[in-house]
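What follows is the content of final18.pdb (PDB, C-alpha atoms, pLDDT in the B column).
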```pdb
MODEL        1
ATOM      1  CA  MET N  15     183.685  76.839  34.869  1.00 35.00           C
ATOM      2  CA  VAL N  16     185.487  73.667  35.822  1.00 41.00           C
ATOM      3  CA  SER N  17     186.885  71.508  33.048  1.00 46.00           C
ATOM      4  CA  ASN N  18     184.612  73.432  30.668  1.00 48.00           C
ATOM      5  CA  SER N  19     181.459  72.707  32.646  1.00 48.00           C
ATOM      6  CA  ASP N  20     179.509  74.288  35.481  1.00 53.00           C
ATOM      7  CA  LEU N  21     179.652  73.569  39.198  1.00 52.00           C
ATOM      8  CA  SER N  22     176.124  72.215  39.520  1.00 52.00           C
ATOM      9  CA  GLY N  23     175.123  68.850  40.921  1.00 55.00           C
ATOM     10  CA  ASN N  24     177.015  66.007  39.280  1.00 58.00           C
ATOM     11  CA  GLN N  25     179.831  68.274  38.152  1.00 63.00           C
ATOM     12  CA  MET N  26     180.534  69.342  41.742  1.00 65.00           C
ATOM     13  CA  LYS N  27     180.672  65.651  42.721  1.00 66.00           C
ATOM     14  CA  LEU N  28     183.230  65.123  39.959  1.00 63.00           C
ATOM     15  CA  VAL N  29     185.318  68.066  41.167  1.00 65.00           C
ATOM     16  CA  MET N  30     185.231  66.732  44.735  1.00 68.00           C
ATOM     17  CA  SER N  31     186.232  63.290  43.446  1.00 68.00           C
ATOM     18  CA  VAL N  32     189.470  64.936  42.265  1.00 65.00           C
ATOM     19  CA  LEU N  33     190.081  67.272  45.217  1.00 68.00           C
ATOM     20  CA  LYS N  34     189.132  65.088  48.176  1.00 68.00           C
ATOM     21  CA  PRO N  35     191.315  62.019  47.514  1.00 72.00           C
ATOM     22  CA  GLU N  36     194.370  64.143  46.710  1.00 72.00           C
ATOM     23  CA  SER N  37     194.103  66.137  49.943  1.00 74.00           C
ATOM     24  CA  TYR N  38     193.062  63.163  52.032  1.00 81.00           C
ATOM     25  CA  PHE N  39     195.998  61.083  50.778  1.00 84.00           C
ATOM     26  CA  PHE N  40     198.577  63.664  51.827  1.00 84.00           C
ATOM     27  CA  PHE N  41     197.018  64.301  55.223  1.00 85.00           C
ATOM     28  CA  GLN N  42     196.696  60.604  56.021  1.00 89.00           C
ATOM     29  CA  THR N  43     200.161  59.635  54.790  1.00 91.00           C
ATOM     30  CA  THR N  44     201.736  62.479  56.742  1.00 92.00           C
ATOM     31  CA  LYS N  45     199.671  61.604  59.811  1.00 92.00           C
ATOM     32  CA  ALA N  46     200.941  58.022  59.625  1.00 95.00           C
ATOM     33  CA  PHE N  47     204.665  58.856  59.418  1.00 96.00           C
ATOM     34  CA  LEU N  48     205.201  62.310  60.899  1.00 96.00           C
ATOM     35  CA  PRO N  49     204.828  61.470  64.617  1.00 96.00           C
ATOM     36  CA  THR N  50     207.761  59.030  64.507  1.00 97.00           C
ATOM     37  CA  MET N  51     209.800  61.442  62.386  1.00 97.00           C
ATOM     38  CA  LEU N  52     209.172  64.186  64.957  1.00 97.00           C
ATOM     39  CA  GLU N  53     210.093  61.879  67.813  1.00 97.00           C
ATOM     40  CA  ILE N  54     213.468  60.951  66.322  1.00 97.00           C
ATOM     41  CA  ASN N  55     213.946  64.222  64.396  1.00 97.00           C
ATOM     42  CA  HIS N  56     214.764  62.313  61.256  1.00 97.00           C
ATOM     43  CA  GLY N  57     213.047  61.612  57.926  1.00 97.00           C
ATOM     44  CA  HIS N  58     212.261  63.025  54.529  1.00 97.00           C
ATOM     45  CA  ILE N  59     208.833  64.054  53.265  1.00 96.00           C
ATOM     46  CA  VAL N  60     208.556  64.082  49.485  1.00 96.00           C
ATOM     47  CA  THR N  61     205.525  65.675  47.874  1.00 95.00           C
ATOM     48  CA  VAL N  62     204.970  64.992  44.194  1.00 94.00           C
ATOM     49  CA  ALA N  63     202.780  67.746  42.791  1.00 94.00           C
ATOM     50  CA  SER N  64     202.971  69.366  39.352  1.00 94.00           C
ATOM     51  CA  SER N  65     203.985  72.610  37.716  1.00 94.00           C
ATOM     52  CA  LEU N  66     200.205  73.157  37.593  1.00 92.00           C
ATOM     53  CA  GLY N  67     200.365  73.483  41.379  1.00 92.00           C
ATOM     54  CA  LEU N  68     202.535  76.582  40.944  1.00 94.00           C
ATOM     55  CA  PHE N  69     200.727  78.203  38.014  1.00 92.00           C
ATOM     56  CA  SER N  70     197.566  77.232  36.201  1.00 90.00           C
ATOM     57  CA  THR N  71     195.957  77.046  32.801  1.00 90.00           C
ATOM     58  CA  ALA N  72     192.418  77.025  31.452  1.00 90.00           C
ATOM     59  CA  GLY N  73     190.260  73.943  31.296  1.00 87.00           C
ATOM     60  CA  VAL N  74     191.700  71.893  34.160  1.00 86.00           C
ATOM     61  CA  GLU N  75     190.634  73.938  37.156  1.00 85.00           C
ATOM     62  CA  ASP N  76     189.878  70.866  39.270  1.00 84.00           C
ATOM     63  CA  TYR N  77     193.332  69.389  38.630  1.00 87.00           C
ATOM     64  CA  CYS N  78     195.081  72.730  39.258  1.00 89.00           C
ATOM     65  CA  ALA N  79     193.122  73.261  42.483  1.00 88.00           C
ATOM     66  CA  SER N  80     194.141  69.833  43.766  1.00 88.00           C
ATOM     67  CA  LYS N  81     197.805  70.467  42.935  1.00 92.00           C
ATOM     68  CA  PHE N  82     197.720  73.976  44.452  1.00 93.00           C
ATOM     69  CA  GLY N  83     196.312  72.339  47.596  1.00 90.00           C
ATOM     70  CA  VAL N  84     199.122  69.797  47.688  1.00 92.00           C
ATOM     71  CA  VAL N  85     201.747  72.533  47.230  1.00 95.00           C
ATOM     72  CA  GLY N  86     200.123  74.635  49.982  1.00 94.00           C
ATOM     73  CA  PHE N  87     200.031  71.656  52.338  1.00 93.00           C
ATOM     74  CA  HIS N  88     203.687  70.900  51.640  1.00 95.00           C
ATOM     75  CA  GLU N  89     204.790  74.511  52.134  1.00 96.00           C
ATOM     76  CA  SER N  90     202.838  74.870  55.370  1.00 96.00           C
ATOM     77  CA  LEU N  91     204.231  71.605  56.732  1.00 96.00           C
ATOM     78  CA  SER N  92     207.763  72.663  55.758  1.00 97.00           C
ATOM     79  CA  HIS N  93     207.321  75.950  57.630  1.00 97.00           C
ATOM     80  CA  GLU N  94     205.924  74.112  60.651  1.00 96.00           C
ATOM     81  CA  LEU N  95     208.929  71.788  60.769  1.00 97.00           C
ATOM     82  CA  LYS N  96     211.313  74.760  60.545  1.00 97.00           C
ATOM     83  CA  ALA N  97     209.411  76.631  63.288  1.00 97.00           C
ATOM     84  CA  ALA N  98     209.612  73.534  65.498  1.00 96.00           C
ATOM     85  CA  GLU N  99     213.368  73.398  64.789  1.00 97.00           C
ATOM     86  CA  LYS N 100     213.097  69.847  63.456  1.00 97.00           C
ATOM     87  CA  ASP N 101     216.090  70.233  61.145  1.00 96.00           C
ATOM     88  CA  GLY N 102     216.538  66.472  60.869  1.00 97.00           C
ATOM     89  CA  ILE N 103     213.306  66.187  58.872  1.00 98.00           C
ATOM     90  CA  LYS N 104     213.855  67.224  55.251  1.00 97.00           C
ATOM     91  CA  THR N 105     211.178  68.090  52.714  1.00 97.00           C
ATOM     92  CA  THR N 106     211.268  68.048  48.930  1.00 98.00           C
ATOM     93  CA  LEU N 107     208.538  69.370  46.647  1.00 97.00           C
ATOM     94  CA  VAL N 108     208.591  67.834  43.156  1.00 97.00           C
ATOM     95  CA  CYS N 109     206.880  69.884  40.423  1.00 97.00           C
ATOM     96  CA  PRO N 110     207.365  68.457  36.940  1.00 96.00           C
ATOM     97  CA  TYR N 111     206.017  69.964  33.743  1.00 94.00           C
ATOM     98  CA  LEU N 112     203.886  67.765  31.489  1.00 92.00           C
ATOM     99  CA  VAL N 113     205.069  64.160  31.851  1.00 94.00           C
ATOM    100  CA  ASP N 114     204.567  61.809  28.913  1.00 93.00           C
ATOM    101  CA  THR N 115     202.306  59.299  30.694  1.00 92.00           C
ATOM    102  CA  GLY N 116     199.264  59.700  28.461  1.00 87.00           C
ATOM    103  CA  MET N 117     197.249  61.382  31.219  1.00 86.00           C
ATOM    104  CA  PHE N 118     197.019  64.655  29.287  1.00 87.00           C
ATOM    105  CA  ARG N 119     197.401  63.223  25.787  1.00 86.00           C
ATOM    106  CA  GLY N 120     196.624  65.915  23.278  1.00 86.00           C
ATOM    107  CA  CYS N 121     197.864  68.800  25.414  1.00 89.00           C
ATOM    108  CA  ARG N 122     199.663  71.194  23.063  1.00 87.00           C
ATOM    109  CA  ILE N 123     201.604  74.395  23.531  1.00 90.00           C
ATOM    110  CA  ARG N 124     202.508  76.684  20.635  1.00 91.00           C
ATOM    111  CA  LYS N 125     204.020  74.572  17.844  1.00 91.00           C
ATOM    112  CA  GLU N 126     207.096  76.820  17.550  1.00 93.00           C
ATOM    113  CA  ILE N 127     207.800  76.362  21.279  1.00 90.00           C
ATOM    114  CA  GLU N 128     207.005  72.613  21.468  1.00 90.00           C
ATOM    115  CA  PRO N 129     210.471  71.423  20.299  1.00 91.00           C
ATOM    116  CA  PHE N 130     212.052  73.348  23.190  1.00 90.00           C
ATOM    117  CA  LEU N 131     209.523  72.177  25.771  1.00 90.00           C
ATOM    118  CA  PRO N 132     208.360  68.667  24.871  1.00 91.00           C
ATOM    119  CA  PRO N 133     206.570  66.404  27.356  1.00 92.00           C
ATOM    120  CA  LEU N 134     209.062  64.933  29.817  1.00 95.00           C
ATOM    121  CA  LYS N 135     209.964  61.259  29.915  1.00 96.00           C
ATOM    122  CA  PRO N 136     208.948  59.608  33.211  1.00 96.00           C
ATOM    123  CA  ASP N 137     212.465  58.181  33.780  1.00 97.00           C
ATOM    124  CA  TYR N 138     213.970  61.657  33.491  1.00 97.00           C
ATOM    125  CA  CYS N 139     211.509  63.030  36.057  1.00 96.00           C
ATOM    126  CA  VAL N 140     212.300  60.204  38.470  1.00 97.00           C
ATOM    127  CA  LYS N 141     216.050  60.802  38.113  1.00 97.00           C
ATOM    128  CA  GLN N 142     215.644  64.537  38.736  1.00 97.00           C
ATOM    129  CA  ALA N 143     213.416  63.909  41.748  1.00 97.00           C
ATOM    130  CA  MET N 144     215.834  61.355  43.224  1.00 97.00           C
ATOM    131  CA  LYS N 145     218.754  63.723  42.741  1.00 97.00           C
ATOM    132  CA  ALA N 146     216.816  66.448  44.586  1.00 97.00           C
ATOM    133  CA  ILE N 147     215.854  64.083  47.415  1.00 97.00           C
ATOM    134  CA  LEU N 148     219.380  62.735  47.868  1.00 97.00           C
ATOM    135  CA  THR N 149     220.823  66.260  48.001  1.00 97.00           C
ATOM    136  CA  ASP N 150     218.096  67.560  50.363  1.00 97.00           C
ATOM    137  CA  GLN N 151     216.883  70.058  47.772  1.00 97.00           C
ATOM    138  CA  PRO N 152     213.667  71.655  49.084  1.00 97.00           C
ATOM    139  CA  MET N 153     212.079  71.936  45.625  1.00 97.00           C
ATOM    140  CA  ILE N 154     212.670  70.619  42.124  1.00 97.00           C
ATOM    141  CA  CYS N 155     210.947  71.968  39.030  1.00 96.00           C
ATOM    142  CA  THR N 156     211.577  70.103  35.817  1.00 95.00           C
ATOM    143  CA  PRO N 157     212.615  71.429  33.423  1.00 94.00           C
ATOM    144  CA  ARG N 158     214.349  74.371  35.078  1.00 92.00           C
ATOM    145  CA  LEU N 159     212.400  76.753  32.835  1.00 90.00           C
ATOM    146  CA  MET N 160     209.473  76.190  35.226  1.00 92.00           C
ATOM    147  CA  TYR N 161     211.342  78.224  37.875  1.00 94.00           C
ATOM    148  CA  ILE N 162     211.364  81.187  35.491  1.00 92.00           C
ATOM    149  CA  VAL N 163     207.647  80.873  34.737  1.00 90.00           C
ATOM    150  CA  THR N 164     206.892  80.672  38.470  1.00 92.00           C
ATOM    151  CA  PHE N 165     209.100  83.680  39.203  1.00 94.00           C
ATOM    152  CA  MET N 166     207.569  85.715  36.377  1.00 93.00           C
ATOM    153  CA  LYS N 167     204.077  84.879  37.625  1.00 92.00           C
ATOM    154  CA  SER N 168     204.957  86.203  41.065  1.00 93.00           C
ATOM    155  CA  ILE N 169     206.342  89.559  39.894  1.00 97.00           C
ATOM    156  CA  LEU N 170     204.346  90.437  36.793  1.00 96.00           C
ATOM    157  CA  PRO N 171     200.827  91.860  36.758  1.00 97.00           C
ATOM    158  CA  PHE N 172     198.140  89.338  35.823  1.00 95.00           C
ATOM    159  CA  GLU N 173     197.647  90.762  32.311  1.00 96.00           C
ATOM    160  CA  ALA N 174     201.381  90.395  31.593  1.00 96.00           C
ATOM    161  CA  VAL N 175     201.208  86.754  32.730  1.00 94.00           C
ATOM    162  CA  VAL N 176     198.267  86.253  30.358  1.00 94.00           C
ATOM    163  CA  CYS N 177     200.401  87.662  27.515  1.00 95.00           C
ATOM    164  CA  MET N 178     203.253  85.297  28.446  1.00 93.00           C
ATOM    165  CA  TYR N 179     200.835  82.328  28.490  1.00 92.00           C
ATOM    166  CA  ARG N 180     199.458  83.352  25.089  1.00 94.00           C
ATOM    167  CA  PHE N 181     202.952  83.668  23.634  1.00 93.00           C
ATOM    168  CA  LEU N 182     203.833  80.160  24.865  1.00 92.00           C
ATOM    169  CA  GLY N 183     200.469  78.743  23.855  1.00 90.00           C
ATOM    170  CA  ALA N 184     199.916  77.725  27.468  1.00 91.00           C
ATOM    171  CA  ASP N 185     196.649  79.647  27.785  1.00 91.00           C
ATOM    172  CA  LYS N 186     194.699  77.042  25.781  1.00 91.00           C
ATOM    173  CA  CYS N 187     197.129  74.118  25.867  1.00 91.00           C
ATOM    174  CA  MET N 188     194.580  71.771  27.458  1.00 91.00           C
ATOM    175  CA  TYR N 189     191.821  72.470  24.926  1.00 91.00           C
ATOM    176  CA  PRO N 190     192.896  69.704  22.493  1.00 89.00           C
ATOM    177  CA  PHE N 191     193.089  67.269  25.437  1.00 88.00           C
ATOM    178  CA  ILE N 192     189.591  68.295  26.602  1.00 87.00           C
ATOM    179  CA  ALA N 193     188.208  67.975  23.060  1.00 89.00           C
ATOM    180  CA  GLN N 194     189.641  64.442  22.779  1.00 86.00           C
ATOM    181  CA  ARG N 195     188.089  63.466  26.131  1.00 82.00           C
ATOM    182  CA  LYS N 196     184.699  64.857  25.117  1.00 84.00           C
ATOM    183  CA  GLN N 197     184.882  62.961  21.836  1.00 84.00           C
ATOM    184  CA  ALA N 198     185.801  59.730  23.630  1.00 80.00           C
ATOM    185  CA  THR N 199     182.940  60.242  26.109  1.00 78.00           C
ATOM    186  CA  ASN N 200     180.469  60.915  23.280  1.00 78.00           C
ATOM    187  CA  ASN N 201     181.699  57.820  21.412  1.00 76.00           C
ATOM    188  CA  ASN N 202     181.297  55.670  24.531  1.00 71.00           C
ATOM    189  CA  GLU N 203     177.796  57.037  25.155  1.00 65.00           C
ATOM    190  CA  ALA N 204     176.799  56.409  21.539  1.00 64.00           C
ATOM    191  CA  LYS N 205     178.315  52.929  21.675  1.00 70.00           C
ATOM    192  CA  ASN N 206     176.406  52.121  24.868  1.00 69.00           C
ATOM    193  CA  GLY N 207     173.166  53.677  23.605  1.00 64.00           C
ATOM    194  CA  ILE N 208     173.091  56.400  26.246  1.00 60.00           C
TER     195      ILE N 208
ENDMDL
END
```

Any chance you could put this one into structure tokens?
Amino acid sequence: MVSNSDLSGNQMKLVMSVLKPESYFFFQTTKAFLPTMLEINHGHIVTVASSLGLFSTAGVEDYCASKFGVVGFHESLSHELKAAEKDGIKTTLVCPYLVDTGMFRGCRIRKEIEPFLPPLKPDYCVKQAMKAILTDQPMICTPRLMYIVTFMKSILPFEAVVCMYRFLGADKCMYPFIAQRKQATNNNEAKNGI
């Protein structure tokens, strides 16, 4: 299941339309700048991913896979730079929680938790990312609660993580978003006589 649909034909093309550009962008951008950075042993590589590149949720498998790929690429590149002793080249991985851009409008966690974990304002995310970059912080998760979720995911058994997701309402948080998208697609198809 990918975004509540199967991996046949057109759906696989849709999945690849998400995965390929994301990966290609990072490889090509790095390829363009890294040789000069290596030559002068100076620079800063900033990778903007998502908290959904550190842990996932149901319904947005294609998006999570692309963000996991970006995080993996960043981590591998960071290790390569350290192994090559290129200490003048810094790396920062930026992993924000849900940002209030409208991209995932309708995404909802448990209503009792929502006041403590609302969608983040874009300006706040930019400020946190810039602070991390300027202080050579290797990774920034916003809000800081995301570090705890990531840590818990790495030490708890899978079923315990599922319980944590259910408690937070994160297990089905994308379902309202997906339902809204399906409705909008159906409305557009009906409007266009498809």

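Reported to one decimal place, the separation of CA of Lys104 (chain N) from CA of Met153 (chain N) is 10.9 Å.
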
Result set, the PyMOL selection byres ((chain N and resi 40-54) around 10) on current file, as an NGL selection string: :N and (35-39 or 55-59 or 61 or 83-84 or 87-88 or 91 or 95 or 98 or 100-103)

Take the PyMOL selection byres ((chain N and resi 113) around 9), run it mentally on this structure, and tell me the resulting residues as a list in words.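 Taken on the displayed file, the PyMOL selection byres ((chain N and resi 113) around 9) yields the residues Pro110, Tyr111, Leu112, Asp114, Thr115, Gly116, Met117, Phe118, Pro132, Pro133, Leu134, Lys135, Pro136 and Cys139 of chain N.
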
Nearest candidate to Lys125 (chain N) (options N:Phe191, N:Tyr138, N:Phe181, N:Phe69; using only C-alpha atoms):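 The closest residue to Lys125 (chain N) is N:Phe181.
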
For region 114-125 of chain N, I'd like the enclosing box, axis-aligned and padded by 5 Å on every side, reported as JSON with centre and edge lengths in Å to one decimal.
```
{"center_x": 200.6, "center_y": 68.0, "center_z": 24.5, "size_x": 17.9, "size_y": 27.4, "size_z": 23.4}
```

Distance of CA of Ala198 (chain N) from CA of Arg122 (chain N), expressed in Å to one decimal place: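 About the pair CA of Arg122 (chain N) and CA of Ala198 (chain N): they are 18.0 Å apart.
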
Translate the PyMOL selection byres ((chain N and resi 189) around 9) into a concrete residue list for this structure, as an NGL selection string. :N and (72-73 or 120-122 or 186-188 or 190-194)

Might you pull out every residue within 9 Å of region 156-167 of chain N, with only C-alpha atoms counted and same-chain residues fewer than 3 positions away left off, and present them as an mmCIF file with C-alpha atoms, keeping the file's coordinate frame?
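The result, stored in part_3.cif:
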```cif
data_model
loop_
_atom_site.group_PDB
_atom_site.id
_atom_site.type_symbol
_atom_site.label_atom_id
_atom_site.label_comp_id
_atom_site.auth_asym_id
_atom_site.auth_seq_id
_atom_site.Cartn_x
_atom_site.Cartn_y
_atom_site.Cartn_z
ATOM 1 C CA SER N 65 203.985 72.610 37.716
ATOM 2 C CA LEU N 68 202.535 76.582 40.944
ATOM 3 C CA PHE N 69 200.727 78.203 38.014
ATOM 4 C CA VAL N 108 208.591 67.834 43.156
ATOM 5 C CA CYS N 109 206.880 69.884 40.423
ATOM 6 C CA PRO N 110 207.365 68.457 36.940
ATOM 7 C CA TYR N 111 206.017 69.964 33.743
ATOM 8 C CA LEU N 131 209.523 72.177 25.771
ATOM 9 C CA LEU N 134 209.062 64.933 29.817
ATOM 10 C CA CYS N 139 211.509 63.030 36.057
ATOM 11 C CA GLN N 142 215.644 64.537 38.736
ATOM 12 C CA ALA N 143 213.416 63.909 41.748
ATOM 13 C CA LEU N 170 204.346 90.437 36.793
ATOM 14 C CA PRO N 171 200.827 91.860 36.758
ATOM 15 C CA PHE N 172 198.140 89.338 35.823
ATOM 16 C CA ALA N 174 201.381 90.395 31.593
ATOM 17 C CA VAL N 175 201.208 86.754 32.730
ATOM 18 C CA MET N 178 203.253 85.297 28.446
#
```

Would you mind reading off the distance between CA of Thr106 (chain N) and CA of Asp185 (chain N), one decimal, in Å?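 We find that CA of Thr106 (chain N) and CA of Asp185 (chain N) lie 28.2 Å from each other.
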
Output requested as a compact mmCIF listing (two decimals), keeping the file's coordinate frame - region 148-159 of chain N, filled out with all heavy atoms.
```txt
# COMPACT_ATOMS: atom_id res chain seq x y z
N LEU N 148 218.09 63.15 47.31
CA LEU N 148 219.38 62.74 47.87
C LEU N 148 220.29 63.90 48.23
O LEU N 148 221.22 63.75 49.03
CB LEU N 148 220.08 61.78 46.89
CG LEU N 148 219.37 60.45 46.68
CD1 LEU N 148 220.04 59.65 45.57
CD2 LEU N 148 219.31 59.64 47.97
N THR N 149 220.02 65.08 47.67
CA THR N 149 220.82 66.26 48.00
C THR N 149 220.04 67.23 48.89
O THR N 149 220.43 68.39 49.05
CB THR N 149 221.30 66.98 46.72
OG1 THR N 149 220.16 67.34 45.94
CG2 THR N 149 222.24 66.10 45.91
N ASP N 150 218.94 66.76 49.46
CA ASP N 150 218.10 67.56 50.36
C ASP N 150 217.65 68.88 49.76
O ASP N 150 217.55 69.91 50.42
CB ASP N 150 218.81 67.81 51.70
CG ASP N 150 219.05 66.53 52.47
OD1 ASP N 150 218.26 65.59 52.32
OD2 ASP N 150 220.05 66.48 53.22
N GLN N 151 217.37 68.86 48.46
CA GLN N 151 216.88 70.06 47.77
C GLN N 151 215.42 70.27 48.16
O GLN N 151 214.62 69.33 48.06
CB GLN N 151 217.02 69.84 46.27
CG GLN N 151 216.84 71.07 45.44
CD GLN N 151 217.16 70.81 43.97
OE1 GLN N 151 217.98 69.96 43.63
NE2 GLN N 151 216.50 71.54 43.09
N PRO N 152 215.04 71.46 48.62
CA PRO N 152 213.67 71.66 49.08
C PRO N 152 212.62 71.63 47.97
O PRO N 152 211.46 71.34 48.22
CB PRO N 152 213.68 73.03 49.76
CG PRO N 152 214.97 73.65 49.43
CD PRO N 152 215.89 72.61 48.86
N MET N 153 213.04 71.91 46.74
CA MET N 153 212.08 71.94 45.62
C MET N 153 212.81 71.63 44.33
O MET N 153 213.94 72.05 44.13
CB MET N 153 211.44 73.32 45.53
CG MET N 153 210.43 73.47 44.43
SD MET N 153 209.71 75.12 44.58
CE MET N 153 208.75 75.19 43.12
N ILE N 154 212.13 70.89 43.45
CA ILE N 154 212.67 70.62 42.12
C ILE N 154 211.56 70.85 41.09
O ILE N 154 210.48 70.27 41.20
CB ILE N 154 213.27 69.19 42.00
CG1 ILE N 154 213.80 68.91 40.59
CG2 ILE N 154 212.27 68.12 42.41
CD1 ILE N 154 215.02 69.65 40.22
N CYS N 155 211.83 71.74 40.17
CA CYS N 155 210.95 71.97 39.03
C CYS N 155 211.67 71.44 37.81
O CYS N 155 212.84 71.75 37.59
CB CYS N 155 210.67 73.45 38.85
SG CYS N 155 209.66 74.18 40.13
N THR N 156 210.98 70.63 37.04
CA THR N 156 211.58 70.10 35.82
C THR N 156 210.67 70.44 34.64
O THR N 156 209.48 70.20 34.74
CB THR N 156 211.71 68.57 35.86
OG1 THR N 156 211.18 68.05 37.05
CG2 THR N 156 213.09 68.11 35.74
N PRO N 157 211.25 70.95 33.58
CA PRO N 157 212.62 71.43 33.42
C PRO N 157 212.81 72.72 34.21
O PRO N 157 211.84 73.33 34.68
CB PRO N 157 212.75 71.66 31.92
CG PRO N 157 211.37 71.98 31.46
CD PRO N 157 210.45 71.19 32.35
N ARG N 158 214.02 73.18 34.27
CA ARG N 158 214.35 74.37 35.08
C ARG N 158 213.62 75.62 34.60
O ARG N 158 213.42 76.56 35.37
CB ARG N 158 215.86 74.60 35.08
CG ARG N 158 216.58 73.52 35.85
CD ARG N 158 217.96 73.97 36.27
NE ARG N 158 218.56 73.02 37.18
CZ ARG N 158 218.34 72.97 38.49
NH1 ARG N 158 217.51 73.79 39.04
NH2 ARG N 158 218.94 72.09 39.25
N LEU N 159 213.18 75.63 33.37
CA LEU N 159 212.40 76.75 32.84
C LEU N 159 211.16 77.04 33.69
O LEU N 159 210.69 78.17 33.77
CB LEU N 159 211.99 76.46 31.38
CG LEU N 159 211.08 77.46 30.69
CD1 LEU N 159 211.79 78.80 30.55
CD2 LEU N 159 210.67 76.94 29.34
```
